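Each remark here refers to the structure printed beneath this line.
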Amino acid sequence: MEHRYPFVPYAADRLDEAEMVRRGRAFYEHVDRRRSVRFFSAEPVPRECVELAVMAANTAPSGAHQQPWKFVLIGDPATKRRIRQAAEVEERQNYEGGRLTPQWRQALAPLGTTSDKGYLEVVPWIVVCFAEKYGVRANGSRVKHYYVNESVGIACGLFITALHTMGLSTLTHTPNPMAFLSEICARPGNERPYILFPVGHAAPDAQVPDLRRKPLDEALVRF
């Protein structure tokens, strides 16, 4: 018989309607202040803050509860420099080398992004999330993982929200291709780089694009 987790009682918080709405509105207003940042301060950040964000990510639902993610925490300046240099090689191919399609370049233009990733050496921490394509048992045999992209994406969303809640900033950076991250971080073949996160405080003079987020009526269809 397949192993099953024991079942234990569960009682969710039951709130009155006014409190549910109050909490929902407060959470929305909190996350609505979150922005992706490309201008960081070198101010130190306690490692525990990043560890707590990963713990929050670990609460994400995942296919068959396989939790197919691994977060790699990097604070060593030499390693951060290697990551920056390797990322910029790929990004120069994207931006200056013609690897991005004209449509993609047009979509990125309002954000003002370039191949310069100097912030990767400024931030106190880089966190790379790897997606586990499959698991590996102690005897070396493979374990199939289900809904890997969906599961890891949800975990990364919680990671971002936890950082924001602690007053920290980050950016979802996906230099493509990202195989260099597997080599630099010495990850096994069953893991593939998913997202690179610079983590730190926004610089005092940081600026972000004045974006418009979808209003509710564009994001929600009432069927």
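Ordering of the structure tokens sets the chain letters (A, B, ...); residue numbers start at 1 within each chain; ligands are numbered from 1 in the order shown.
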
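For stretch 73-151 of chain A, backbone-based DSSP labels the following residues as strand (DSSP E): Leu73, Ile74, Trp125, Ile126, Val127, Val128, Cys129, Phe130, Ala131, Glu132, Tyr134, Gly135, Val136, Arg142, Val143 and Lys144 of chain A.
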
Restricting it to N, CA and C atoms, dump the selection as an mmCIF file, in the first residue's frame.
```
data_model
loop_
_atom_site.group_PDB
_atom_site.id
_atom_site.type_symbol
_atom_site.label_atom_id
_atom_site.label_comp_id
_atom_site.auth_asym_id
_atom_site.auth_seq_id
_atom_site.Cartn_x
_atom_site.Cartn_y
_atom_site.Cartn_z
ATOM 1 N N LEU A 73 21.006 30.329 -1.471
ATOM 2 C CA LEU A 73 21.296 31.651 -0.917
ATOM 3 C C LEU A 73 22.775 31.978 -1.127
ATOM 4 N N ILE A 74 23.054 33.123 -1.727
ATOM 5 C CA ILE A 74 24.421 33.507 -2.078
ATOM 6 C C ILE A 74 24.715 34.895 -1.515
ATOM 7 N N TRP A 125 22.301 39.943 -0.864
ATOM 8 C CA TRP A 125 21.980 38.539 -1.124
ATOM 9 C C TRP A 125 21.459 38.353 -2.546
ATOM 10 N N ILE A 126 21.840 37.221 -3.122
ATOM 11 C CA ILE A 126 21.174 36.695 -4.312
ATOM 12 C C ILE A 126 20.564 35.359 -3.916
ATOM 13 N N VAL A 127 19.321 35.160 -4.297
ATOM 14 C CA VAL A 127 18.660 33.876 -4.066
ATOM 15 C C VAL A 127 18.251 33.320 -5.423
ATOM 16 N N VAL A 128 18.654 32.107 -5.706
ATOM 17 C CA VAL A 128 18.252 31.447 -6.949
ATOM 18 C C VAL A 128 17.308 30.310 -6.595
ATOM 19 N N CYS A 129 16.128 30.338 -7.180
ATOM 20 C CA CYS A 129 15.184 29.238 -7.001
ATOM 21 C C CYS A 129 15.367 28.252 -8.144
ATOM 22 N N PHE A 130 15.549 26.991 -7.782
ATOM 23 C CA PHE A 130 15.653 25.910 -8.754
ATOM 24 C C PHE A 130 14.403 25.042 -8.681
ATOM 25 N N ALA A 131 13.923 24.636 -9.831
ATOM 26 C CA ALA A 131 12.781 23.715 -9.917
ATOM 27 C C ALA A 131 13.313 22.297 -10.067
ATOM 28 N N GLU A 132 12.821 21.402 -9.238
ATOM 29 C CA GLU A 132 13.225 19.999 -9.312
ATOM 30 C C GLU A 132 12.371 19.296 -10.361
ATOM 31 N N TYR A 134 12.495 16.301 -11.299
ATOM 32 C CA TYR A 134 12.104 15.015 -10.720
ATOM 33 C C TYR A 134 12.874 14.845 -9.425
ATOM 34 N N GLY A 135 12.378 13.971 -8.561
ATOM 35 C CA GLY A 135 13.076 13.684 -7.322
ATOM 36 C C GLY A 135 14.037 12.526 -7.503
ATOM 37 N N VAL A 136 14.930 12.368 -6.546
ATOM 38 C CA VAL A 136 15.901 11.278 -6.579
ATOM 39 C C VAL A 136 15.868 10.561 -5.232
ATOM 40 N N ARG A 142 14.526 7.568 -9.853
ATOM 41 C CA ARG A 142 13.809 8.831 -10.002
ATOM 42 C C ARG A 142 12.391 8.765 -9.435
ATOM 43 N N VAL A 143 11.932 9.919 -8.957
ATOM 44 C CA VAL A 143 10.550 10.084 -8.507
ATOM 45 C C VAL A 143 9.901 11.135 -9.394
ATOM 46 N N LYS A 144 8.828 10.783 -10.069
ATOM 47 C CA LYS A 144 8.154 11.741 -10.934
ATOM 48 C C LYS A 144 7.540 12.858 -10.104
#
```

Per residue of stretch 140-191 of chain A within 8 Å of stretch 85-90 of chain A, what are the shortest atom pair and its distance in Å to one decimal, counting only C-alpha atoms, with rows by chain and residue number, as a Markdown table?
```
| residue | atom | partner | partner_atom | distance |
| --- | --- | --- | --- | --- |
| A:Pro175 | CA | A:Ala87 | CA | 6.0 |
| A:Asn176 | CA | A:Glu90 | CA | 6.5 |
| A:Pro177 | CA | A:Glu90 | CA | 6.9 |
| A:Met178 | CA | A:Ala87 | CA | 7.8 |
| A:Phe180 | CA | A:Ala86 | CA | 6.8 |
```

Per residue of stretch 38-104 of chain A within 8 Å of stretch 157-169 of chain A, record the nearest atom pair and its distance in Å to one decimal, counting only C-alpha atoms, with rows in chain order and ascending residue number, as a Markdown table.
```
| residue | atom | partner | partner_atom | distance |
| --- | --- | --- | --- | --- |
| A:Cys49 | CA | A:Met166 | CA | 7.5 |
| A:Val50 | CA | A:Leu163 | CA | 7.4 |
| A:Leu52 | CA | A:Ala162 | CA | 7.8 |
| A:Ala53 | CA | A:Phe159 | CA | 5.1 |
| A:Val54 | CA | A:Phe159 | CA | 6.0 |
| A:Ala56 | CA | A:Phe159 | CA | 6.2 |
| A:Ala57 | CA | A:Phe159 | CA | 4.9 |
| A:Ala60 | CA | A:Leu158 | CA | 7.1 |
```

### Task
Name the residues of stretch 25-118 of chain A that come out as alpha helix (DSSP H) in a backbone DSSP run; write them as a VMD selection string.
chain A and resid 25 to 32 47 to 57 77 to 95 102 to 108

### Task
Find, counting only C-alpha atoms, the residue in A:Tyr194, A:Tyr28, A:Phe39, A:Trp69 that gets nearest to A:Val122.
A:Phe39
